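Shown here: model_23.pdb, PDB, C-alpha atoms, pLDDT in the B column.
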MODEL        1
ATOM      1  CA  MET A   1    -109.987 -50.258-101.462  1.00 66.00           C
ATOM      2  CA  ILE A   2    -110.968 -48.618-104.733  1.00 76.00           C
ATOM      3  CA  TRP A   3    -113.593 -46.568-102.862  1.00 73.00           C
ATOM      4  CA  VAL A   4    -110.999 -44.758-100.816  1.00 71.00           C
ATOM      5  CA  GLU A   5    -109.114 -43.594-103.879  1.00 74.00           C
ATOM      6  CA  LEU A   6    -112.271 -42.531-105.702  1.00 76.00           C
ATOM      7  CA  MET A   7    -113.513 -40.521-102.751  1.00 73.00           C
ATOM      8  CA  MET A   8    -110.128 -38.909-102.221  1.00 76.00           C
ATOM      9  CA  ILE A   9    -109.680 -37.982-105.875  1.00 78.00           C
ATOM     10  CA  TRP A  10    -113.144 -36.648-106.580  1.00 84.00           C
ATOM     11  CA  VAL A  11    -114.396 -35.104-103.343  1.00 88.00           C
ATOM     12  CA  ILE A  12    -111.958 -34.469-100.532  1.00 91.00           C
ATOM     13  CA  VAL A  13    -108.799 -33.366-102.326  1.00 91.00           C
ATOM     14  CA  PRO A  14    -110.651 -30.896-104.630  1.00 93.00           C
ATOM     15  CA  ALA A  15    -112.616 -29.387-101.744  1.00 93.00           C
ATOM     16  CA  LEU A  16    -109.562 -28.917 -99.541  1.00 94.00           C
ATOM     17  CA  THR A  17    -107.384 -27.678-102.400  1.00 94.00           C
ATOM     18  CA  LEU A  18    -109.941 -25.084-103.456  1.00 95.00           C
ATOM     19  CA  THR A  19    -110.128 -23.981 -99.839  1.00 95.00           C
ATOM     20  CA  VAL A  20    -106.349 -23.534 -99.787  1.00 95.00           C
ATOM     21  CA  VAL A  21    -106.614 -21.435-102.966  1.00 95.00           C
ATOM     22  CA  MET A  22    -109.310 -19.282-101.368  1.00 94.00           C
ATOM     23  CA  CYS A  23    -107.159 -18.855 -98.268  1.00 94.00           C
ATOM     24  CA  PHE A  24    -104.285 -17.601-100.410  1.00 95.00           C
ATOM     25  CA  LEU A  25    -106.592 -15.223-102.282  1.00 94.00           C
ATOM     26  CA  ARG A  26    -107.682 -13.724 -98.966  1.00 93.00           C
ATOM     27  CA  LEU A  27    -104.059 -13.654 -97.860  1.00 93.00           C
ATOM     28  CA  LEU A  28    -103.148 -11.601-100.922  1.00 94.00           C
ATOM     29  CA  ARG A  29    -106.220  -9.387-100.975  1.00 90.00           C
ATOM     30  CA  GLY A  30    -106.997  -8.845 -97.307  1.00 79.00           C
ATOM     31  CA  PRO A  31    -107.326  -5.122 -96.681  1.00 86.00           C
ATOM     32  CA  SER A  32    -105.828  -5.219 -93.206  1.00 89.00           C
ATOM     33  CA  LEU A  33    -103.317  -7.304 -91.291  1.00 91.00           C
ATOM     34  CA  PRO A  34    -105.935  -9.121 -89.123  1.00 91.00           C
ATOM     35  CA  ASP A  35    -107.616 -10.354 -92.331  1.00 92.00           C
ATOM     36  CA  ARG A  36    -104.384 -12.027 -93.344  1.00 93.00           C
ATOM     37  CA  ILE A  37    -104.014 -13.604 -89.916  1.00 92.00           C
ATOM     38  CA  VAL A  38    -107.530 -15.032 -90.199  1.00 92.00           C
ATOM     39  CA  ALA A  39    -106.523 -16.513 -93.561  1.00 93.00           C
ATOM     40  CA  VAL A  40    -103.418 -18.142 -92.051  1.00 92.00           C
ATOM     41  CA  ASP A  41    -105.501 -19.545 -89.191  1.00 92.00           C
ATOM     42  CA  MET A  42    -107.923 -21.074 -91.684  1.00 93.00           C
ATOM     43  CA  LEU A  43    -104.966 -22.470 -93.642  1.00 93.00           C
ATOM     44  CA  SER A  44    -103.809 -24.336 -90.557  1.00 92.00           C
ATOM     45  CA  ALA A  45    -107.283 -25.828 -90.054  1.00 92.00           C
ATOM     46  CA  VAL A  46    -107.245 -27.015 -93.674  1.00 94.00           C
ATOM     47  CA  ALA A  47    -103.788 -28.510 -93.096  1.00 94.00           C
ATOM     48  CA  VAL A  48    -105.095 -30.522 -90.132  1.00 93.00           C
ATOM     49  CA  GLY A  49    -108.004 -31.781 -92.239  1.00 93.00           C
ATOM     50  CA  MET A  50    -105.628 -32.717 -95.066  1.00 93.00           C
ATOM     51  CA  MET A  51    -103.462 -34.694 -92.663  1.00 93.00           C
ATOM     52  CA  ALA A  52    -106.500 -36.602 -91.402  1.00 92.00           C
ATOM     53  CA  ALA A  53    -107.491 -37.407 -94.981  1.00 91.00           C
ATOM     54  CA  TYR A  54    -103.932 -38.426 -95.817  1.00 91.00           C
ATOM     55  CA  ALA A  55    -103.831 -40.756 -92.811  1.00 91.00           C
ATOM     56  CA  VAL A  56    -106.932 -42.496 -94.173  1.00 90.00           C
ATOM     57  CA  ALA A  57    -105.607 -42.605 -97.749  1.00 87.00           C
ATOM     58  CA  THR A  58    -102.204 -44.067 -96.923  1.00 88.00           C
ATOM     59  CA  ASP A  59    -103.334 -46.166 -93.917  1.00 89.00           C
ATOM     60  CA  GLU A  60    -100.655 -44.552 -91.757  1.00 89.00           C
ATOM     61  CA  VAL A  61    -101.594 -43.493 -88.249  1.00 91.00           C
ATOM     62  CA  ILE A  62     -98.475 -41.378 -87.736  1.00 92.00           C
ATOM     63  CA  PHE A  63     -99.965 -38.411 -89.625  1.00 92.00           C
ATOM     64  CA  LEU A  64    -102.359 -37.763 -86.754  1.00 93.00           C
ATOM     65  CA  ASP A  65     -99.409 -36.928 -84.519  1.00 93.00           C
ATOM     66  CA  VAL A  66     -98.234 -34.424 -87.126  1.00 93.00           C
ATOM     67  CA  ALA A  67    -101.728 -32.919 -87.187  1.00 93.00           C
ATOM     68  CA  LEU A  68    -101.662 -32.555 -83.398  1.00 93.00           C
ATOM     69  CA  VAL A  69     -98.326 -30.745 -83.506  1.00 94.00           C
ATOM     70  CA  VAL A  70     -99.509 -28.455 -86.317  1.00 93.00           C
ATOM     71  CA  ALA A  71    -102.651 -27.559 -84.365  1.00 91.00           C
ATOM     72  CA  LEU A  72    -100.568 -26.748 -81.283  1.00 92.00           C
ATOM     73  CA  ILE A  73     -98.020 -24.584 -83.085  1.00 93.00           C
ATOM     74  CA  THR A  74    -100.473 -22.600 -85.209  1.00 92.00           C
ATOM     75  CA  PHE A  75    -102.506 -21.704 -82.135  1.00 92.00           C
ATOM     76  CA  LEU A  76     -99.393 -20.202 -80.575  1.00 93.00           C
ATOM     77  CA  GLY A  77     -98.624 -18.358 -83.820  1.00 92.00           C
ATOM     78  CA  THR A  78    -102.103 -16.869 -84.009  1.00 92.00           C
ATOM     79  CA  ILE A  79    -101.955 -15.718 -80.402  1.00 93.00           C
ATOM     80  CA  GLY A  80     -98.558 -14.162 -81.035  1.00 93.00           C
ATOM     81  CA  PHE A  81     -99.782 -12.254 -84.094  1.00 92.00           C
ATOM     82  CA  ALA A  82    -102.848 -10.989 -82.222  1.00 91.00           C
ATOM     83  CA  TYR A  83    -100.670  -9.826 -79.350  1.00 91.00           C
ATOM     84  CA  TYR A  84     -98.381  -8.061 -81.797  1.00 91.00           C
ATOM     85  CA  ILE A  85    -101.274  -6.194 -83.424  1.00 89.00           C
ATOM     86  CA  ASP A  86    -102.688  -5.276 -80.046  1.00 85.00           C
ATOM     87  CA  ARG A  87     -99.441  -3.798 -78.738  1.00 85.00           C
ATOM     88  CA  ARG A  88     -98.271  -2.247 -81.979  1.00 80.00           C
ATOM     89  CA  GLN A  89     -99.673   1.259 -81.512  1.00 66.00           C
TER
ATOM     90  CA  MET B   1    -120.304 -50.482 -93.195  1.00 82.00           C
ATOM     91  CA  GLN B   2    -117.618 -48.924 -91.073  1.00 86.00           C
ATOM     92  CA  VAL B   3    -115.832 -47.704 -94.199  1.00 87.00           C
ATOM     93  CA  PHE B   4    -118.946 -46.038 -95.579  1.00 87.00           C
ATOM     94  CA  LEU B   5    -119.662 -44.317 -92.283  1.00 91.00           C
ATOM     95  CA  SER B   6    -116.095 -43.038 -92.305  1.00 91.00           C
ATOM     96  CA  PHE B   7    -116.559 -41.827 -95.905  1.00 90.00           C
ATOM     97  CA  PHE B   8    -119.685 -39.960 -94.895  1.00 91.00           C
ATOM     98  CA  PHE B   9    -117.915 -38.123 -92.079  1.00 93.00           C
ATOM     99  CA  LEU B  10    -114.870 -37.325 -94.207  1.00 93.00           C
ATOM    100  CA  ILE B  11    -116.942 -35.934 -97.078  1.00 93.00           C
ATOM    101  CA  PHE B  12    -119.143 -33.958 -94.688  1.00 94.00           C
ATOM    102  CA  GLY B  13    -116.079 -32.432 -93.068  1.00 94.00           C
ATOM    103  CA  ALA B  14    -114.398 -31.576 -96.367  1.00 94.00           C
ATOM    104  CA  VAL B  15    -117.549 -29.926 -97.689  1.00 94.00           C
ATOM    105  CA  PHE B  16    -117.915 -27.952 -94.472  1.00 94.00           C
ATOM    106  CA  ILE B  17    -114.317 -26.730 -94.685  1.00 95.00           C
ATOM    107  CA  PHE B  18    -115.030 -25.711 -98.290  1.00 95.00           C
ATOM    108  CA  VAL B  19    -118.106 -23.752 -97.192  1.00 94.00           C
ATOM    109  CA  GLY B  20    -116.030 -22.053 -94.501  1.00 93.00           C
ATOM    110  CA  GLY B  21    -113.469 -21.085 -97.144  1.00 93.00           C
ATOM    111  CA  ILE B  22    -116.193 -19.563 -99.317  1.00 94.00           C
ATOM    112  CA  GLY B  23    -117.421 -17.608 -96.314  1.00 93.00           C
ATOM    113  CA  MET B  24    -113.933 -16.393 -95.586  1.00 92.00           C
ATOM    114  CA  LEU B  25    -113.525 -15.194 -99.171  1.00 91.00           C
ATOM    115  CA  ARG B  26    -116.936 -13.610 -99.705  1.00 92.00           C
ATOM    116  CA  MET B  27    -117.995 -12.102 -96.382  1.00 90.00           C
ATOM    117  CA  PRO B  28    -117.760  -8.295 -96.338  1.00 91.00           C
ATOM    118  CA  ASP B  29    -116.176  -7.740 -92.939  1.00 90.00           C
ATOM    119  CA  ILE B  30    -113.354  -9.222 -90.901  1.00 91.00           C
ATOM    120  CA  PHE B  31    -115.658 -10.107 -88.028  1.00 91.00           C
ATOM    121  CA  LEU B  32    -118.109 -11.922 -90.308  1.00 91.00           C
ATOM    122  CA  ARG B  33    -115.184 -13.669 -91.996  1.00 91.00           C
ATOM    123  CA  MET B  34    -113.905 -14.806 -88.615  1.00 91.00           C
ATOM    124  CA  SER B  35    -117.338 -16.159 -87.760  1.00 90.00           C
ATOM    125  CA  ALA B  36    -117.300 -18.289 -90.934  1.00 89.00           C
ATOM    126  CA  THR B  37    -113.793 -19.648 -90.439  1.00 90.00           C
ATOM    127  CA  THR B  38    -114.160 -20.370 -86.733  1.00 91.00           C
ATOM    128  CA  LYS B  39    -117.476 -22.209 -86.784  1.00 90.00           C
ATOM    129  CA  ALA B  40    -117.441 -23.951 -90.135  1.00 89.00           C
ATOM    130  CA  ALA B  41    -113.790 -24.932 -90.095  1.00 87.00           C
ATOM    131  CA  THR B  42    -113.983 -26.267 -86.540  1.00 91.00           C
ATOM    132  CA  LEU B  43    -116.985 -28.417 -87.352  1.00 93.00           C
ATOM    133  CA  GLY B  44    -115.381 -29.583 -90.602  1.00 94.00           C
ATOM    134  CA  VAL B  45    -112.077 -30.558 -89.014  1.00 94.00           C
ATOM    135  CA  GLY B  46    -113.907 -32.301 -86.168  1.00 94.00           C
ATOM    136  CA  SER B  47    -116.001 -34.281 -88.626  1.00 95.00           C
ATOM    137  CA  MET B  48    -112.922 -35.288 -90.625  1.00 94.00           C
ATOM    138  CA  LEU B  49    -111.154 -36.440 -87.464  1.00 95.00           C
ATOM    139  CA  LEU B  50    -114.243 -38.418 -86.472  1.00 94.00           C
ATOM    140  CA  GLY B  51    -114.176 -40.041 -89.906  1.00 94.00           C
ATOM    141  CA  THR B  52    -110.526 -40.960 -89.396  1.00 94.00           C
ATOM    142  CA  ALA B  53    -111.285 -42.477 -85.996  1.00 94.00           C
ATOM    143  CA  VAL B  54    -114.155 -44.518 -87.446  1.00 93.00           C
ATOM    144  CA  PHE B  55    -112.004 -45.677 -90.372  1.00 92.00           C
ATOM    145  CA  PHE B  56    -109.234 -47.113 -88.220  1.00 92.00           C
ATOM    146  CA  GLY B  57    -111.421 -48.270 -85.354  1.00 90.00           C
ATOM    147  CA  GLU B  58    -108.620 -48.641 -82.808  1.00 91.00           C
ATOM    148  CA  LEU B  59    -108.387 -47.125 -79.379  1.00 94.00           C
ATOM    149  CA  GLY B  60    -105.040 -45.418 -79.978  1.00 91.00           C
ATOM    150  CA  VAL B  61    -106.176 -43.699 -83.170  1.00 92.00           C
ATOM    151  CA  SER B  62    -109.518 -42.698 -81.692  1.00 93.00           C
ATOM    152  CA  SER B  63    -107.949 -41.150 -78.618  1.00 94.00           C
ATOM    153  CA  ARG B  64    -105.465 -39.262 -80.792  1.00 93.00           C
ATOM    154  CA  ALA B  65    -108.211 -37.885 -83.028  1.00 93.00           C
ATOM    155  CA  PHE B  66    -110.269 -37.008 -79.975  1.00 93.00           C
ATOM    156  CA  ALA B  67    -107.302 -35.172 -78.444  1.00 93.00           C
ATOM    157  CA  ILE B  68    -106.821 -33.100 -81.618  1.00 93.00           C
ATOM    158  CA  PHE B  69    -110.518 -32.293 -81.758  1.00 93.00           C
ATOM    159  CA  VAL B  70    -110.701 -31.226 -78.116  1.00 93.00           C
ATOM    160  CA  PHE B  71    -107.640 -29.057 -78.594  1.00 93.00           C
ATOM    161  CA  ILE B  72    -109.098 -27.356 -81.676  1.00 92.00           C
ATOM    162  CA  LEU B  73    -112.432 -26.921 -79.920  1.00 92.00           C
ATOM    163  CA  ALA B  74    -110.710 -25.239 -76.993  1.00 92.00           C
ATOM    164  CA  THR B  75    -108.305 -23.015 -78.914  1.00 92.00           C
ATOM    165  CA  ALA B  76    -110.295 -21.825 -81.957  1.00 91.00           C
ATOM    166  CA  PRO B  77    -112.619 -19.506 -79.958  1.00 92.00           C
ATOM    167  CA  VAL B  78    -109.692 -18.139 -77.946  1.00 93.00           C
ATOM    168  CA  ALA B  79    -107.703 -17.348 -81.092  1.00 92.00           C
ATOM    169  CA  ALA B  80    -110.738 -15.792 -82.787  1.00 92.00           C
ATOM    170  CA  HIS B  81    -111.430 -13.668 -79.731  1.00 92.00           C
ATOM    171  CA  MET B  82    -107.840 -12.443 -79.631  1.00 91.00           C
ATOM    172  CA  ILE B  83    -107.806 -11.556 -83.340  1.00 92.00           C
ATOM    173  CA  GLY B  84    -111.192  -9.839 -83.126  1.00 90.00           C
ATOM    174  CA  ARG B  85    -110.157  -7.794 -80.114  1.00 88.00           C
ATOM    175  CA  ALA B  86    -106.910  -6.780 -81.790  1.00 89.00           C
ATOM    176  CA  ALA B  87    -108.720  -5.884 -85.015  1.00 90.00           C
ATOM    177  CA  TYR B  88    -111.298  -3.771 -83.195  1.00 87.00           C
ATOM    178  CA  SER B  89    -108.754  -1.840 -81.206  1.00 84.00           C
ATOM    179  CA  ASP B  90    -106.618  -1.480 -84.337  1.00 84.00           C
ATOM    180  CA  GLY B  91    -109.499   0.379 -85.989  1.00 82.00           C
ATOM    181  CA  VAL B  92    -110.479  -2.062 -88.713  1.00 84.00           C
ATOM    182  CA  PRO B  93    -113.667  -0.651 -90.250  1.00 85.00           C
ATOM    183  CA  LEU B  94    -116.929  -2.511 -89.752  1.00 86.00           C
ATOM    184  CA  TRP B  95    -119.252  -3.429 -92.597  1.00 86.00           C
ATOM    185  CA  LYS B  96    -121.393  -0.470 -93.640  1.00 86.00           C
ATOM    186  CA  GLY B  97    -124.557  -2.486 -93.055  1.00 84.00           C
ATOM    187  CA  THR B  98    -123.721  -3.076 -89.407  1.00 83.00           C
ATOM    188  CA  VAL B  99    -126.719  -2.236 -87.247  1.00 84.00           C
ATOM    189  CA  MET B 100    -125.203  -2.091 -83.792  1.00 82.00           C
ATOM    190  CA  ASP B 101    -121.767  -1.497 -82.346  1.00 81.00           C
ATOM    191  CA  GLU B 102    -122.129  -1.717 -78.607  1.00 78.00           C
ATOM    192  CA  LEU B 103    -118.445  -1.325 -77.852  1.00 77.00           C
ATOM    193  CA  ARG B 104    -118.112   2.071 -79.498  1.00 77.00           C
ATOM    194  CA  GLY B 105    -116.976   4.693 -77.028  1.00 74.00           C
ATOM    195  CA  LYS B 106    -116.926   2.336 -74.083  1.00 74.00           C
ATOM    196  CA  TYR B 107    -113.412   1.001 -74.379  1.00 73.00           C
ATOM    197  CA  ASP B 108    -110.543   3.168 -73.262  1.00 71.00           C
ATOM    198  CA  ASP B 109    -107.663   2.148 -75.481  1.00 69.00           C
ATOM    199  CA  GLU B 110    -105.036   4.081 -73.556  1.00 69.00           C
ATOM    200  CA  ARG B 111    -105.807   2.669 -70.149  1.00 69.00           C
ATOM    201  CA  ARG B 112    -107.193  -0.683 -71.375  1.00 70.00           C
ATOM    202  CA  ARG B 113    -110.373  -0.286 -69.366  1.00 72.00           C
ATOM    203  CA  LEU B 114    -113.908  -1.160 -70.320  1.00 72.00           C
ATOM    204  CA  SER B 115    -116.669   0.956 -68.846  1.00 72.00           C
ATOM    205  CA  SER B 116    -120.151  -0.469 -68.737  1.00 68.00           C
ATOM    206  CA  GLY B 117    -121.820   2.698 -69.968  1.00 58.00           C
ATOM    207  CA  VAL B 118    -123.870   3.312 -66.818  1.00 56.00           C
ATOM    208  CA  TYR B 119    -124.904   6.890 -66.208  1.00 51.00           C
ATOM    209  CA  GLN B 120    -124.293   8.932 -63.128  1.00 50.00           C
ATOM    210  CA  VAL B 121    -127.131   8.696 -60.654  1.00 53.00           C
ATOM    211  CA  GLU B 122    -128.530  11.993 -59.381  1.00 55.00           C
ATOM    212  CA  GLY B 123    -126.946  12.936 -56.087  1.00 58.00           C
ATOM    213  CA  SER B 124    -124.034  10.504 -56.143  1.00 56.00           C
ATOM    214  CA  SER B 125    -120.530  11.776 -56.333  1.00 55.00           C
ATOM    215  CA  GLU B 126    -118.515  11.474 -59.505  1.00 53.00           C
ATOM    216  CA  ALA B 127    -115.895   9.295 -57.860  1.00 52.00           C
ATOM    217  CA  ASP B 128    -118.426   6.498 -57.453  1.00 52.00           C
ATOM    218  CA  TRP B 129    -118.427   5.441 -61.072  1.00 52.00           C
ATOM    219  CA  VAL B 130    -115.613   7.067 -62.978  1.00 50.00           C
ATOM    220  CA  ASP B 131    -112.700   4.947 -61.895  1.00 46.00           C
ATOM    221  CA  VAL B 132    -113.435   1.391 -60.877  1.00 44.00           C
ATOM    222  CA  ASP B 133    -110.146  -0.222 -60.040  1.00 41.00           C
TER
ENDMDL
END
What's the C-alpha cells form of this structure?
Amino acid sequence: MIWVELMMIWVIVPALTLTVVMCFLRLLRGPSLPDRIVAVDMLSAVAVGMMAAYAVATDEVIFLDVALVVALITFLGTIGFAYYIDRRQ
Amino acid sequence: MQVFLSFFFLIFGAVFIFVGGIGMLRMPDIFLRMSATTKAATLGVGSMLLGTAVFFGELGVSSRAFAIFVFILATAPVAAHMIGRAAYSDGVPLWKGTVMDELRGKYDDERRRLSSGVYQVEGSSEADWVDVD
C-alpha cells in the first residue's frame, strides 16, 4: 500500500498539522475567552479527524473508539466552559 | 477502486478541515469564526469518517464511524449555540461591519428573559405585555 503512505505524508498530515498550528495561534491571540474556547473546540475536531486518518494508516480499527470517546468528552468540556462564561458575571 | 474512493473522501475532509482552520484564524469576529469552525470542520470530519468506513468496508467499522458522525452532527450546533450565547451576553464586541444586531436591547441579562420587541397597543393595559411568565 504505497498509495496510503504517499497520501498520508503529502496531503492529510500537512493539512491537519497546519490546522493544529492555526488553532494554537488563535488560542494564543484570541482577544476574549470565548475565542479561545472556539479554538479548543476546533482542536478536538482536528483530533477526531487525525484519529480517523491514523486508523486508515495503521490498519487498526481501535482508534475509532478513541475518536468516539474524544468527541464525547470535548463536547462536555465545551458545554462546561460556555456555562462558566455565562454564569461568571 | 474502494481504496481510491476512500482516498478521495479522506483528502476532501482534510482539505475542508484546513479551510475551516483558515476561517477560524482570519475571520474578524467570534461569531464569524464560530460559523467557519462549526460548518467546515463538521463536514470535514464527517467526510474523513466516511473515508475510513469505505476503506475498511466492514459493518463494525462503518457503524462506529457512523455513530461518531451522528454524535458530532448532533453536538456541534449545540456547543456553538452555547458559546455564542455566552459570548454575546459576556459583551464580546461584534465586527464593525455588522449590519444588523436584532438581539440588542431585547435580552434582559439580569432576569434572563427575552422580549420579542412588540409595542404596546393603544388602549391595552401595560400588564398585558410587560411581564410574560
For segment 43-55 of chain A, take all atoms listed in the file, fit an axis-aligned box around them, add 6 Å to each of the six sides, then output centre and edge lengths in Å rounded to one decimal, as AutoDock Vina command-line options.
--center_x -105.7 --center_y -31.6 --center_z -92.9 --size_x 16.5 --size_y 30.3 --size_z 17.8
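Nearest to Val21 of chain A of all the residues A:Met51, A:Ala57, A:Ala39, A:Val69 is A:Ala39, counting all atoms listed in the file.
Atom pair atom CA of Leu6 of chain A / atom CA of Arg26 of chain B: separated by 29.9 Å.
Nearest to chain A of all the residues B:Ala87, B:Leu114, B:Leu73, B:Ala40 is B:Ala87, counting all atoms listed in the file.
Each of B:Ser35, B:Gln2, B:Ser62, B:Thr52 was compared to chain A using only C-alpha atoms, and B:Thr52 turns out to be the nearest.
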Practice problem: Tell me which of A:Val13, A:Ala71, A:Met50, A:Ser44 sits closest to Val70 of chain B, counting all atoms listed in the file. | Solution: A:Ala71
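For the pair atom CA of Ala47 of chain A and atom CA of Asp86 of chain A, the interatomic distance is 26.7 Å.
Counting all atoms listed in the file, the residue from A:Val20, A:Tyr83, A:Leu27, A:Ile73 that sits nearest to Gly20 of chain B is A:Val20.
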Self-check item: Length of the atom CA of Thr42 of chain B to atom CA of Trp10 of chain A vector [Å]
Solution: 22.6 Å
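Excluding Asp59 of chain A itself and same-chain residues fewer than 2 positions from it, the residues having an atom within 12 Å of it are Met1, Val4, Glu5, Met51, Ala52, Ala53, Tyr54, Ala55, Val56, Ala57, Val61, Ile62, Phe63 and Leu64 of chain A; Thr52, Ala53, Phe55, Phe56, Gly57 and Val61 of chain B, counting all atoms listed in the file.
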Exercise. Determine the nearest neighbour of Ser32 of chain A from the options B:Phe71, B:Phe9, B:Phe18, B:Tyr88, counting all atoms listed in the file.
Key: B:Tyr88
Practice problem: Decode the PyMOL selection byres ((chain A and resi 22) around 9) for the given file into explicit residues and return them as a list in words. | Solution: Thr17, Leu18, Thr19, Val20, Val21, Cys23, Phe24, Leu25, Arg26, Leu27 and Ala39 of chain A; Gly21, Ile22, Met24 and Leu25 of chain B
